[in-house]
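**Q** Input structure: run28.cif, which contains mmCIF, C-alpha atoms and all ligand atoms.
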data_data
loop_
_atom_site.group_PDB
_atom_site.id
_atom_site.type_symbol
_atom_site.label_atom_id
_atom_site.label_comp_id
_atom_site.auth_asym_id
_atom_site.auth_seq_id
_atom_site.Cartn_x
_atom_site.Cartn_y
_atom_site.Cartn_z
ATOM 1 C CA ALA W 262 -8.737 103.814 76.435
ATOM 2 C CA LYS W 263 -9.138 103.363 80.144
ATOM 3 C CA THR W 264 -12.412 101.842 81.288
ATOM 4 C CA LEU W 265 -13.839 102.985 84.601
ATOM 5 C CA TRP W 266 -16.743 102.179 86.884
ATOM 6 C CA ILE W 267 -17.284 105.140 89.194
ATOM 7 C CA ASP W 268 -18.910 104.922 92.617
ATOM 8 C CA THR W 269 -19.781 108.373 93.981
ATOM 9 C CA ASP W 270 -21.678 110.210 96.730
ATOM 10 C CA THR W 271 -21.850 113.183 94.390
ATOM 11 C CA GLY W 272 -21.002 116.287 96.362
ATOM 12 C CA SER W 273 -19.155 119.270 94.984
ATOM 13 C CA ASP W 274 -15.732 117.717 94.465
ATOM 14 C CA ASP W 275 -17.160 114.427 93.190
ATOM 15 C CA ALA W 276 -18.861 116.507 90.488
ATOM 16 C CA VAL W 277 -15.482 117.841 89.354
ATOM 17 C CA ALA W 278 -14.083 114.304 89.271
ATOM 18 C CA LEU W 279 -17.065 113.257 87.125
ATOM 19 C CA VAL W 280 -16.414 116.170 84.742
ATOM 20 C CA MET W 281 -12.801 114.994 84.415
ATOM 21 C CA ALA W 282 -13.956 111.493 83.462
ATOM 22 C CA PHE W 283 -16.846 112.559 81.173
ATOM 23 C CA GLN W 284 -14.626 115.023 79.318
ATOM 24 C CA ASN W 285 -11.571 112.811 78.842
ATOM 25 C CA PRO W 286 -11.412 111.311 75.328
ATOM 26 C CA ASN W 287 -9.273 108.433 76.606
ATOM 27 C CA VAL W 288 -11.824 107.313 79.171
ATOM 28 C CA GLU W 289 -14.725 104.948 78.701
ATOM 29 C CA ILE W 290 -17.153 105.008 81.639
ATOM 30 C CA ALA W 291 -18.878 101.636 81.928
ATOM 31 C CA GLY W 292 -21.284 102.926 84.563
ATOM 32 C CA ILE W 293 -21.753 105.106 87.608
ATOM 33 C CA SER W 294 -23.172 103.962 90.932
ATOM 34 C CA VAL W 295 -24.339 106.463 93.512
ATOM 35 C CA VAL W 296 -24.202 106.017 97.272
ATOM 36 C CA ALA W 297 -25.225 108.132 100.271
ATOM 37 C CA GLY W 298 -22.374 110.050 101.871
ATOM 38 C CA ASN W 299 -21.691 113.781 101.694
ATOM 39 C CA ILE W 300 -25.455 114.108 101.305
ATOM 40 C CA SER W 301 -28.469 111.802 101.021
ATOM 41 C CA LEU W 302 -28.680 109.249 98.220
ATOM 42 C CA GLU W 303 -31.451 111.188 96.448
ATOM 43 C CA LYS W 304 -29.469 114.439 96.453
ATOM 44 C CA ALA W 305 -26.280 112.679 95.360
ATOM 45 C CA LEU W 306 -28.185 111.038 92.534
ATOM 46 C CA GLN W 307 -29.636 114.349 91.337
ATOM 47 C CA ASN W 308 -26.163 115.899 91.404
ATOM 48 C CA ALA W 309 -24.652 113.064 89.377
ATOM 49 C CA LEU W 310 -27.494 113.262 86.841
ATOM 50 C CA TYR W 311 -27.169 117.051 86.568
ATOM 51 C CA THR W 312 -23.407 116.803 86.008
ATOM 52 C CA ARG W 313 -23.921 114.114 83.383
ATOM 53 C CA GLU W 314 -26.370 116.342 81.529
ATOM 54 C CA LEU W 315 -24.035 119.336 81.730
ATOM 55 C CA CYS W 316 -21.352 117.259 80.022
ATOM 56 C CA GLY W 317 -23.767 115.922 77.401
ATOM 57 C CA ALA W 318 -23.057 112.389 78.577
ATOM 58 C CA GLN W 319 -26.596 110.994 78.896
ATOM 59 C CA HIS W 320 -25.491 107.757 77.223
ATOM 60 C CA ILE W 321 -23.518 106.846 80.357
ATOM 61 C CA PRO W 322 -25.732 105.020 82.859
ATOM 62 C CA VAL W 323 -26.130 106.355 86.400
ATOM 63 C CA TYR W 324 -27.695 103.972 88.935
ATOM 64 C CA ALA W 325 -28.991 104.419 92.466
ATOM 65 C CA GLY W 326 -27.221 102.406 95.146
ATOM 66 C CA LEU W 327 -27.493 102.216 98.903
ATOM 67 C CA ALA W 328 -29.069 104.933 101.028
ATOM 68 C CA VAL W 329 -27.547 104.165 104.431
ATOM 69 C CA PRO W 330 -24.278 102.759 105.795
ATOM 70 C CA LEU W 331 -24.074 99.040 106.639
ATOM 71 C CA ILE W 332 -24.790 99.206 110.353
ATOM 72 C CA ARG W 333 -24.425 102.809 111.487
ATOM 73 C CA GLY W 334 -26.726 105.784 111.046
ATOM 74 C CA PRO W 335 -26.356 108.216 108.134
ATOM 75 C CA PHE W 336 -23.466 110.652 108.433
ATOM 76 C CA HIS W 337 -23.443 113.591 106.003
ATOM 77 C CA ALA W 338 -21.261 116.668 105.456
ATOM 78 C CA GLU W 339 -23.571 119.503 104.412
ATOM 79 C CA ASN W 340 -21.228 121.922 106.186
ATOM 80 C CA VAL W 341 -18.567 121.138 103.565
ATOM 81 C CA HIS W 342 -20.671 120.907 100.403
ATOM 82 C CA GLY W 343 -23.899 122.837 101.094
ATOM 83 C CA GLU W 344 -27.465 121.595 101.707
ATOM 84 C CA ASP W 345 -27.764 120.439 98.108
ATOM 85 C CA GLY W 346 -24.169 119.158 98.030
ATOM 86 C CA MET W 347 -23.344 121.560 95.203
ATOM 87 C CA GLY W 348 -22.633 124.733 97.128
ATOM 88 C CA ASP W 349 -26.282 125.932 97.233
ATOM 89 C CA ILE W 350 -25.700 128.195 94.230
ATOM 90 C CA GLY W 351 -29.234 127.691 92.916
ATOM 91 C CA LEU W 352 -28.690 124.891 90.406
ATOM 92 C CA PRO W 353 -31.892 123.087 89.329
ATOM 93 C CA LEU W 354 -31.143 119.790 91.043
ATOM 94 C CA SER W 355 -34.403 117.873 90.913
ATOM 95 C CA GLY W 356 -36.624 115.805 88.691
ATOM 96 C CA ARG W 357 -33.998 113.787 86.850
ATOM 97 C CA VAL W 358 -34.426 110.027 86.781
ATOM 98 C CA ALA W 359 -31.713 107.430 87.281
ATOM 99 C CA ASP W 360 -31.169 104.580 84.859
ATOM 100 C CA GLU W 361 -33.055 101.399 85.589
ATOM 101 C CA GLY W 362 -31.672 98.726 87.858
ATOM 102 C CA HIS W 363 -29.927 98.610 91.187
ATOM 103 C CA ALA W 364 -26.400 100.004 91.227
ATOM 104 C CA ILE W 365 -25.028 96.901 92.903
ATOM 105 C CA ASP W 366 -26.509 94.486 90.354
ATOM 106 C CA ARG W 367 -25.278 96.622 87.476
ATOM 107 C CA MET W 368 -21.812 97.033 88.957
ATOM 108 C CA ILE W 369 -21.432 93.278 89.429
ATOM 109 C CA GLU W 370 -22.739 92.279 85.986
ATOM 110 C CA THR W 371 -20.736 94.917 84.160
ATOM 111 C CA ILE W 372 -17.410 94.204 85.876
ATOM 112 C CA LEU W 373 -17.788 90.416 85.737
ATOM 113 C CA ALA W 374 -18.570 90.577 82.024
ATOM 114 C CA ARG W 375 -15.163 92.156 81.382
ATOM 115 C CA PRO W 376 -12.756 90.539 83.851
ATOM 116 C CA GLY W 377 -9.487 92.382 84.369
ATOM 117 C CA GLU W 378 -10.584 95.339 82.252
ATOM 118 C CA ILE W 379 -12.454 97.755 84.488
ATOM 119 C CA THR W 380 -10.913 100.060 87.072
ATOM 120 C CA LEU W 381 -13.308 100.766 89.914
ATOM 121 C CA VAL W 382 -12.931 104.308 91.245
ATOM 122 C CA THR W 383 -14.578 105.085 94.572
ATOM 123 C CA LEU W 384 -15.287 108.669 95.619
ATOM 124 C CA GLY W 385 -17.618 108.092 98.564
ATOM 125 C CA PRO W 386 -18.236 105.758 101.501
ATOM 126 C CA LEU W 387 -17.646 102.129 100.500
ATOM 127 C CA THR W 388 -21.164 100.828 101.244
ATOM 128 C CA ASN W 389 -22.065 99.903 97.645
ATOM 129 C CA VAL W 390 -18.738 98.200 97.039
ATOM 130 C CA ALA W 391 -18.865 96.209 100.295
ATOM 131 C CA VAL W 392 -22.345 94.895 99.559
ATOM 132 C CA ALA W 393 -21.385 94.099 95.975
ATOM 133 C CA LEU W 394 -18.420 92.090 97.298
ATOM 134 C CA ALA W 395 -20.625 90.260 99.794
ATOM 135 C CA ARG W 396 -23.039 89.421 97.027
ATOM 136 C CA GLU W 397 -20.365 88.429 94.503
ATOM 137 C CA PRO W 398 -16.905 87.827 95.997
ATOM 138 C CA LYS W 399 -15.528 87.210 92.470
ATOM 139 C CA LEU W 400 -15.749 90.968 92.003
ATOM 140 C CA ALA W 401 -12.490 91.239 93.980
ATOM 141 C CA THR W 402 -10.506 89.482 91.269
ATOM 142 C CA ALA W 403 -12.560 90.703 88.320
ATOM 143 C CA VAL W 404 -11.691 94.382 88.806
ATOM 144 C CA LYS W 405 -8.451 95.596 87.299
ATOM 145 C CA HIS W 406 -7.816 97.943 90.210
ATOM 146 C CA CYS W 407 -9.923 99.609 92.836
ATOM 147 C CA VAL W 408 -8.741 103.195 93.239
ATOM 148 C CA ILE W 409 -10.121 104.536 96.493
ATOM 149 C CA MET W 410 -10.440 108.125 97.638
ATOM 150 C CA GLY W 411 -10.415 107.456 101.322
ATOM 151 C CA GLY W 412 -8.492 107.323 104.509
ATOM 152 C CA ILE W 413 -5.329 108.996 105.628
ATOM 153 C CA GLY W 414 -1.890 107.794 104.580
ATOM 154 C CA ASP W 415 -0.089 110.295 106.742
ATOM 155 C CA GLY W 416 -1.270 113.107 109.015
ATOM 156 C CA PRO W 417 -4.555 114.158 110.611
ATOM 157 C CA GLY W 418 -8.029 113.408 109.311
ATOM 158 C CA ASN W 419 -10.789 115.769 108.211
ATOM 159 C CA VAL W 420 -13.575 114.408 110.433
ATOM 160 C CA THR W 421 -11.615 113.441 113.531
ATOM 161 C CA PRO W 422 -7.871 113.577 114.210
ATOM 162 C CA ALA W 423 -7.766 109.932 113.109
ATOM 163 C CA ALA W 424 -10.261 109.641 110.293
ATOM 164 C CA GLU W 425 -11.201 110.847 106.844
ATOM 165 C CA PHE W 426 -14.870 111.259 105.836
ATOM 166 C CA ASN W 427 -15.391 108.418 103.332
ATOM 167 C CA ILE W 428 -13.979 105.815 105.703
ATOM 168 C CA TYR W 429 -15.522 107.341 108.846
ATOM 169 C CA ALA W 430 -18.999 107.437 107.288
ATOM 170 C CA ASP W 431 -19.008 103.645 106.819
ATOM 171 C CA PRO W 432 -15.989 102.085 108.519
ATOM 172 C CA ASP W 433 -17.524 98.603 108.470
ATOM 173 C CA ALA W 434 -17.885 98.702 104.702
ATOM 174 C CA ALA W 435 -14.363 100.087 104.325
ATOM 175 C CA ARG W 436 -12.954 97.293 106.460
ATOM 176 C CA MET W 437 -14.680 94.697 104.284
ATOM 177 C CA VAL W 438 -13.325 96.263 101.104
ATOM 178 C CA PHE W 439 -9.738 96.497 102.353
ATOM 179 C CA GLN W 440 -9.890 92.855 103.434
ATOM 180 C CA SER W 441 -11.505 91.627 100.231
ATOM 181 C CA GLY W 442 -8.366 90.926 98.218
ATOM 182 C CA MET W 443 -9.162 93.606 95.639
ATOM 183 C CA PRO W 444 -6.040 95.207 94.159
ATOM 184 C CA ILE W 445 -6.467 98.537 95.947
ATOM 185 C CA VAL W 446 -4.825 101.877 95.294
ATOM 186 C CA MET W 447 -5.527 104.177 98.234
ATOM 187 C CA CYS W 448 -5.444 107.925 97.771
ATOM 188 C CA GLY W 449 -5.700 109.451 101.240
ATOM 189 C CA TRP W 450 -7.105 112.887 101.971
ATOM 190 C CA GLU W 451 -3.677 114.398 102.618
ATOM 191 C CA ILE W 452 -2.727 113.833 98.967
ATOM 192 C CA SER W 453 -5.331 116.419 97.974
ATOM 193 C CA CYS W 454 -4.046 118.873 100.593
ATOM 194 C CA ARG W 455 -0.483 118.488 99.354
ATOM 195 C CA HIS W 456 -0.856 118.083 95.605
ATOM 196 C CA ALA W 457 -4.361 119.135 94.562
ATOM 197 C CA VAL W 458 -5.048 122.497 96.160
ATOM 198 C CA VAL W 459 -6.606 124.894 93.701
ATOM 199 C CA GLU W 460 -5.790 128.457 94.693
ATOM 200 C CA PRO W 461 -7.694 131.642 93.758
ATOM 201 C CA ALA W 462 -5.407 132.328 90.772
ATOM 202 C CA ASP W 463 -6.108 128.800 89.504
ATOM 203 C CA THR W 464 -9.854 129.101 89.909
ATOM 204 C CA ASP W 465 -9.786 132.384 87.957
ATOM 205 C CA GLU W 466 -7.877 130.622 85.211
ATOM 206 C CA LEU W 467 -10.256 127.625 85.173
ATOM 207 C CA LYS W 468 -13.171 130.026 84.744
ATOM 208 C CA ARG W 469 -11.367 131.966 82.056
ATOM 209 C CA VAL W 470 -10.426 128.967 79.901
ATOM 210 C CA GLY W 471 -13.342 126.744 80.819
ATOM 211 C CA GLY W 472 -16.349 129.012 80.352
ATOM 212 C CA ALA W 473 -19.557 127.568 81.794
ATOM 213 C CA LEU W 474 -17.998 124.236 82.716
ATOM 214 C CA GLY W 475 -15.039 125.917 84.413
ATOM 215 C CA ALA W 476 -17.405 128.180 86.328
ATOM 216 C CA PHE W 477 -19.515 125.196 87.384
ATOM 217 C CA CYS W 478 -16.469 123.351 88.766
ATOM 218 C CA VAL W 479 -15.373 126.399 90.739
ATOM 219 C CA ASP W 480 -18.673 127.896 91.898
ATOM 220 C CA ILE W 481 -20.089 124.700 93.422
ATOM 221 C CA GLN W 482 -17.119 124.683 95.846
ATOM 222 C CA ARG W 483 -18.568 127.699 97.702
ATOM 223 C CA PHE W 484 -18.760 125.871 101.043
ATOM 224 C CA LEU W 485 -15.589 123.879 100.527
ATOM 225 C CA VAL W 486 -13.647 127.141 100.229
ATOM 226 C CA GLU W 487 -14.701 128.058 103.763
ATOM 227 C CA PHE W 488 -13.838 124.656 105.179
ATOM 228 C CA ALA W 489 -10.536 124.340 103.320
ATOM 229 C CA THR W 490 -9.220 127.775 104.177
ATOM 230 C CA LYS W 491 -10.596 128.253 107.698
ATOM 231 C CA ILE W 492 -10.499 124.732 109.120
ATOM 232 C CA SER W 493 -7.891 122.887 107.048
ATOM 233 C CA GLY W 494 -5.720 126.029 106.813
ATOM 234 C CA LEU W 495 -5.057 125.638 103.073
ATOM 235 C CA PRO W 496 -4.380 128.424 100.549
ATOM 236 C CA GLY W 497 -7.308 127.256 98.388
ATOM 237 C CA ILE W 498 -9.675 124.306 97.867
ATOM 238 C CA ASP W 499 -8.437 120.753 98.208
ATOM 239 C CA LEU W 500 -9.931 118.405 95.633
ATOM 240 C CA PRO W 501 -9.670 114.807 96.931
ATOM 241 C CA ASP W 502 -12.012 113.141 94.443
ATOM 242 C CA PRO W 503 -10.529 114.909 91.396
ATOM 243 C CA ILE W 504 -6.932 113.960 92.284
ATOM 244 C CA THR W 505 -8.093 110.375 92.821
ATOM 245 C CA MET W 506 -9.820 110.417 89.437
ATOM 246 C CA ALA W 507 -6.657 111.790 87.832
ATOM 247 C CA ILE W 508 -4.652 108.917 89.340
ATOM 248 C CA ALA W 509 -7.204 106.346 88.179
ATOM 249 C CA ILE W 510 -7.113 107.720 84.634
ATOM 250 C CA ASP W 511 -3.344 108.159 84.482
ATOM 251 C CA PRO W 512 -1.353 106.334 87.180
ATOM 252 C CA SER W 513 1.819 108.131 86.059
ATOM 253 C CA ILE W 514 0.488 111.114 88.064
ATOM 254 C CA VAL W 515 1.643 109.217 91.163
ATOM 255 C CA THR W 516 5.226 110.235 91.961
ATOM 256 C CA LYS W 517 5.727 107.977 94.983
ATOM 257 C CA SER W 518 3.774 105.093 96.484
ATOM 258 C CA SER W 519 4.171 102.349 99.086
ATOM 259 C CA GLU W 520 3.004 98.772 99.241
ATOM 260 C CA ALA W 521 1.345 98.405 102.620
ATOM 261 C CA TYR W 522 -1.077 96.530 104.812
ATOM 262 C CA VAL W 523 -3.957 98.881 105.529
ATOM 263 C CA GLU W 524 -6.223 98.105 108.461
ATOM 264 C CA VAL W 525 -9.459 100.025 108.889
ATOM 265 C CA VAL W 526 -10.516 100.571 112.493
ATOM 266 C CA ASN W 527 -14.236 99.909 112.855
ATOM 267 C CA ALA W 528 -14.313 99.631 116.635
ATOM 268 C CA ASP W 529 -16.024 102.526 118.403
ATOM 269 C CA GLY W 530 -13.738 105.007 120.095
ATOM 270 C CA PRO W 531 -11.350 107.779 119.133
ATOM 271 C CA ALA W 532 -9.763 105.780 116.313
ATOM 272 C CA LEU W 533 -13.056 104.902 114.576
ATOM 273 C CA GLY W 534 -12.518 105.129 110.824
ATOM 274 C CA GLN W 535 -8.728 105.319 111.008
ATOM 275 C CA THR W 536 -6.723 103.694 108.234
ATOM 276 C CA ILE W 537 -3.615 102.266 109.870
ATOM 277 C CA VAL W 538 -1.050 102.128 107.077
ATOM 278 C CA ASP W 539 1.610 99.522 107.832
ATOM 279 C CA ARG W 540 4.338 100.296 105.306
ATOM 280 C CA LYS W 541 6.981 98.327 107.206
ATOM 281 C CA LEU W 542 4.678 95.313 107.551
ATOM 282 C CA HIS W 543 5.255 95.277 111.320
ATOM 283 C CA ALA W 544 2.057 93.316 111.810
ATOM 284 C CA GLY W 545 3.263 90.513 109.561
ATOM 285 C CA LYS W 546 0.141 90.834 107.436
ATOM 286 C CA PRO W 547 0.259 90.630 103.645
ATOM 287 C CA VAL W 548 0.207 93.771 101.516
ATOM 288 C CA ASN W 549 -3.382 94.684 100.602
ATOM 289 C CA ALA W 550 -2.957 98.140 99.063
ATOM 290 C CA THR W 551 -0.714 100.468 97.146
ATOM 291 C CA VAL W 552 -0.810 103.713 99.093
ATOM 292 C CA VAL W 553 -0.188 106.946 97.208
ATOM 293 C CA ASP W 554 2.535 108.972 98.968
ATOM 294 C CA SER W 555 2.760 111.875 96.536
ATOM 295 C CA ALA W 556 1.451 112.993 93.156
ATOM 296 C CA SER W 557 2.188 115.491 90.422
ATOM 297 C CA ARG W 558 0.238 118.709 90.918
ATOM 298 C CA ASP W 559 1.125 119.802 87.383
ATOM 299 C CA GLY W 560 -0.169 116.556 85.922
ATOM 300 C CA PHE W 561 -3.363 116.955 87.909
ATOM 301 C CA MET W 562 -3.899 120.606 86.959
ATOM 302 C CA LYS W 563 -3.347 119.810 83.305
ATOM 303 C CA MET W 564 -5.957 117.080 83.342
ATOM 304 C CA LEU W 565 -8.442 119.324 85.123
ATOM 305 C CA THR W 566 -7.804 122.225 82.759
ATOM 306 C CA ASP W 567 -8.133 119.981 79.699
ATOM 307 C CA ALA W 568 -11.438 118.649 81.045
ATOM 308 C CA VAL W 569 -13.080 122.047 81.409
ATOM 309 C CA THR W 570 -11.612 123.353 78.154
ATOM 310 C CA ARG W 571 -12.904 120.537 75.971
ATOM 311 C CA PRO W 572 -16.286 121.131 74.306
ATOM 312 C CA VAL W 573 -19.054 119.153 76.001
ATOM 313 C CA GLY W 574 -20.725 116.174 74.380
ATOM 314 C CA GLY W 575 -17.681 115.469 72.210
HETATM 315 C C1 LIG W 601 -14.140 112.961 100.846
HETATM 316 O O1 LIG W 601 -15.336 113.356 101.498
HETATM 317 C C2 LIG W 601 -15.977 114.311 100.706
HETATM 318 O O2 LIG W 601 -15.905 115.532 101.367
HETATM 319 C C3 LIG W 601 -15.268 114.393 99.384
HETATM 320 O O3 LIG W 601 -16.187 114.301 98.331
HETATM 321 C C4 LIG W 601 -14.313 113.241 99.381
HETATM 322 O O4 LIG W 601 -14.843 112.102 98.738
HETATM 323 C C5 LIG W 601 -12.963 113.669 101.451
HETATM 324 O O5 LIG W 601 -12.821 113.311 102.784
HETATM 325 CA CA CA W 602 -16.973 112.198 97.544
#
Have the structure of the file written as structure tokens, please.
Ligand code: BDR
Ligand code: CA
**A**
Amino acid sequence: AKTLWIDTDTGSDDAVALVMAFQNPNVEIAGISVVAGNISLEKALQNALYTRELCGAQHIPVYAGLAVPLIRGPFHAENVHGEDGMGDIGLPLSGRVADEGHAIDRMIETILARPGEITLVTLGPLTNVAVALAREPKLATAVKHCVIMGGIGDGPGNVTPAAEFNIYADPDAARMVFQSGMPIVMCGWEISCRHAVVEPADTDELKRVGGALGAFCVDIQRFLVEFATKISGLPGIDLPDPITMAIAIDPSIVTKSSEAYVEVVNADGPALGQTIVDRKLHAGKPVNATVVDSASRDGFMKMLTDAVTRPVGG
């Protein structure tokens, strides 16, 4: 089995990634930490707790983490995920209570107790992970891998021409994480646009085979559909967090990758939040990340379909 710690700012595509992890019989989730990002920390927490309940996975702990970026003001994306982060489809997203303890404490103790065993998967801004590293630098060598949904390996960003949301929302934290020495696998936003676009025929199929869980995964993307088709110009919805989760669970989904030095720009200006991916090592800096260049859409779709098809709570 693959053991994961998941850090998430649970918006609509994070929720699908969580379903993929909860529903996979080969995955053990050691814990989930929530961070502000797409939406506020409280909303993200409610969404993670709701998704956990839907999958009958209440035994997996979900902890509250940090509510604001390291030094900048909050930056959300309600236009992409809805006011509640889950497409505003009327889900009852309140009143659930997180597990006890601070996400950062729990992340550190859990990963350090099992050195080399736990893959950290990050689906939101890197605030929790940066503070955890500052608090316990040994975390960098204790994780097996840190698989990051963030940045751009190639092409334009989704927040600015240079930057992707998770990095842009807390570029200072991202810079700390990329410089920490963690064995990083970076899955940039363009990977979802190229290899994880779910088109209308696919969403129909997910609903057909997946019943309530399939419908949940599709219907909460109500705002993302607008953004993906009108602004990103895609034939369906791109699912960055789910493709990253698929890669974390089964690295053979990656069909091409590069060893690179990735520098995160945290200086104000038009490049704020850019991930400069130095595949040729022009800068003479050591490799600090494996950057995903392409992935198997079939492998991804199979994992997603299996997740919604499996009975919950199994
Ligand atoms: C990232 O930002 C959010 O919109 C998604 O959940 C993903 O983590 C993509 O830029
Ligand atoms: Ca996310």
**Q** Can you pull out every residue with an atom within 8 Å of ligand LIG 601 (chain W)? Use all atoms listed in the file and format it as a ChimeraX atom specification.
**A** /W:269-275,298-299,338,341-342,384-386,410-412,419-420,425-427,450,500-502
**Q** Those residues with C-alpha atoms, as an mmCIF file, in the coordinates of the input please?
**A**
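Saved file part_35.cif follows:
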data_model
loop_
_atom_site.group_PDB
_atom_site.id
_atom_site.type_symbol
_atom_site.label_atom_id
_atom_site.label_comp_id
_atom_site.auth_asym_id
_atom_site.auth_seq_id
_atom_site.Cartn_x
_atom_site.Cartn_y
_atom_site.Cartn_z
ATOM 1 C CA THR W 269 -19.781 108.373 93.981
ATOM 2 C CA ASP W 270 -21.678 110.210 96.730
ATOM 3 C CA THR W 271 -21.850 113.183 94.390
ATOM 4 C CA GLY W 272 -21.002 116.287 96.362
ATOM 5 C CA SER W 273 -19.155 119.270 94.984
ATOM 6 C CA ASP W 274 -15.732 117.717 94.465
ATOM 7 C CA ASP W 275 -17.160 114.427 93.190
ATOM 8 C CA GLY W 298 -22.374 110.050 101.871
ATOM 9 C CA ASN W 299 -21.691 113.781 101.694
ATOM 10 C CA ALA W 338 -21.261 116.668 105.456
ATOM 11 C CA VAL W 341 -18.567 121.138 103.565
ATOM 12 C CA HIS W 342 -20.671 120.907 100.403
ATOM 13 C CA LEU W 384 -15.287 108.669 95.619
ATOM 14 C CA GLY W 385 -17.618 108.092 98.564
ATOM 15 C CA PRO W 386 -18.236 105.758 101.501
ATOM 16 C CA MET W 410 -10.440 108.125 97.638
ATOM 17 C CA GLY W 411 -10.415 107.456 101.322
ATOM 18 C CA GLY W 412 -8.492 107.323 104.509
ATOM 19 C CA ASN W 419 -10.789 115.769 108.211
ATOM 20 C CA VAL W 420 -13.575 114.408 110.433
ATOM 21 C CA GLU W 425 -11.201 110.847 106.844
ATOM 22 C CA PHE W 426 -14.870 111.259 105.836
ATOM 23 C CA ASN W 427 -15.391 108.418 103.332
ATOM 24 C CA TRP W 450 -7.105 112.887 101.971
ATOM 25 C CA LEU W 500 -9.931 118.405 95.633
ATOM 26 C CA PRO W 501 -9.670 114.807 96.931
ATOM 27 C CA ASP W 502 -12.012 113.141 94.443
#
**Q** Which residue is closest to ligand CA 602 (chain W)? Choose from W:Ile267, W:Ile452, W:Ala401, W:Ala556 and count only C-alpha atoms and all ligand atoms.
**A**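 Closest to ligand CA 602 (chain W) of all the choices is W:Ile267.
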**Q** Got a sec: who's within 8 Å of range 454-467 of chain W, counting all atoms listed in the file, leaving out chain neighbours fewer than 3 positions off, as a list in words?
**A**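 Using all atoms listed in the file, the neighbours found are Trp450, Glu451, Val470, Gly471, Gly472, Gly475, Ala476, Val479, Leu495, Pro496, Gly497, Ile498, Asp499, Leu500, Pro501, Ile504, Ser555, Ala556, Ser557, Arg558, Phe561, Met562, Thr566 and Val569 of chain W.
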**Q** Hey, which of W:Ala291, W:Met564, W:Ile365, W:Ala430 ends up closest to ligand CA 602 (chain W)? Count all atoms listed in the file.
**A**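 Selected residue with least distance to ligand CA 602 (chain W): W:Ala430.
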**Q** Starting from the displayed file, determine the output of the PyMOL selection byres (((chain W and resi 395) around 12) and not hetatm) and express the residue list as a PyMOL selection string.
**A** chain W and resi 331+365-366+369+388-394+396-401+434+437-438+440-441
**Q** List the neighbours of Leu565 in chain W out to 9 Å using all atoms listed in the file; skip same-chain residues closer than 6 positions along the sequence, and give me the result as a list in words.
**A**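 Counting all atoms listed in the file, the residues come to Val277, Ala278, Val280, Met281, Leu467, Pro503 and Ala507 of chain W.
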**Q** Applied to the shown file, which residues does the PyMOL selection byres (((chain W and resi 510) around 12) and not hetatm) return, written as an MDAnalysis selection string?
**A** chainID W and resid 262:267 278:279 281:290 379:382 406:408 503:509 511:515 560:561 564:565
**Q** Could you save those same residues with C-alpha atoms as a compact mmCIF listing (two decimals), in the frame of the given file?
**A**
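Saved the output as result_17.txt:
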# COMPACT_ATOMS: atom_id res chain seq x y z
CA ALA W 262 -8.74 103.81 76.44
CA LYS W 263 -9.14 103.36 80.14
CA THR W 264 -12.41 101.84 81.29
CA LEU W 265 -13.84 102.98 84.60
CA TRP W 266 -16.74 102.18 86.88
CA ILE W 267 -17.28 105.14 89.19
CA ALA W 278 -14.08 114.30 89.27
CA LEU W 279 -17.07 113.26 87.12
CA MET W 281 -12.80 114.99 84.42
CA ALA W 282 -13.96 111.49 83.46
CA PHE W 283 -16.85 112.56 81.17
CA GLN W 284 -14.63 115.02 79.32
CA ASN W 285 -11.57 112.81 78.84
CA PRO W 286 -11.41 111.31 75.33
CA ASN W 287 -9.27 108.43 76.61
CA VAL W 288 -11.82 107.31 79.17
CA GLU W 289 -14.72 104.95 78.70
CA ILE W 290 -17.15 105.01 81.64
CA ILE W 379 -12.45 97.76 84.49
CA THR W 380 -10.91 100.06 87.07
CA LEU W 381 -13.31 100.77 89.91
CA VAL W 382 -12.93 104.31 91.24
CA HIS W 406 -7.82 97.94 90.21
CA CYS W 407 -9.92 99.61 92.84
CA VAL W 408 -8.74 103.20 93.24
CA PRO W 503 -10.53 114.91 91.40
CA ILE W 504 -6.93 113.96 92.28
CA THR W 505 -8.09 110.38 92.82
CA MET W 506 -9.82 110.42 89.44
CA ALA W 507 -6.66 111.79 87.83
CA ILE W 508 -4.65 108.92 89.34
CA ALA W 509 -7.20 106.35 88.18
CA ASP W 511 -3.34 108.16 84.48
CA PRO W 512 -1.35 106.33 87.18
CA SER W 513 1.82 108.13 86.06
CA ILE W 514 0.49 111.11 88.06
CA VAL W 515 1.64 109.22 91.16
CA GLY W 560 -0.17 116.56 85.92
CA PHE W 561 -3.36 116.96 87.91
CA MET W 564 -5.96 117.08 83.34
CA LEU W 565 -8.44 119.32 85.12
**Q** In the coordinates of the file, take the point (-21.7, 119.5, 81.9) and a cut-off of 10 Å; then, counting only C-alpha atoms, name each qualifying protein, DNA or RNA residue as a tab-separated table (two decimals) with C-alpha atoms, in the coordinates of the input.
**A**
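Once written, result.tsv looks like this:
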chain	number	residue	atom	x	y	z
W	276	ALA	CA	-18.86	116.51	90.49
W	277	VAL	CA	-15.48	117.84	89.35
W	279	LEU	CA	-17.07	113.26	87.12
W	280	VAL	CA	-16.41	116.17	84.74
W	283	PHE	CA	-16.85	112.56	81.17
W	284	GLN	CA	-14.63	115.02	79.32
W	310	LEU	CA	-27.49	113.26	86.84
W	311	TYR	CA	-27.17	117.05	86.57
W	312	THR	CA	-23.41	116.80	86.01
W	313	ARG	CA	-23.92	114.11	83.38
W	314	GLU	CA	-26.37	116.34	81.53
W	315	LEU	CA	-24.04	119.34	81.73
W	316	CYS	CA	-21.35	117.26	80.02
W	317	GLY	CA	-23.77	115.92	77.40
W	318	ALA	CA	-23.06	112.39	78.58
W	473	ALA	CA	-19.56	127.57	81.79
W	474	LEU	CA	-18.00	124.24	82.72
W	475	GLY	CA	-15.04	125.92	84.41
W	477	PHE	CA	-19.52	125.20	87.38
W	478	CYS	CA	-16.47	123.35	88.77
W	569	VAL	CA	-13.08	122.05	81.41
W	572	PRO	CA	-16.29	121.13	74.31
W	573	VAL	CA	-19.05	119.15	76.00
W	574	GLY	CA	-20.72	116.17	74.38
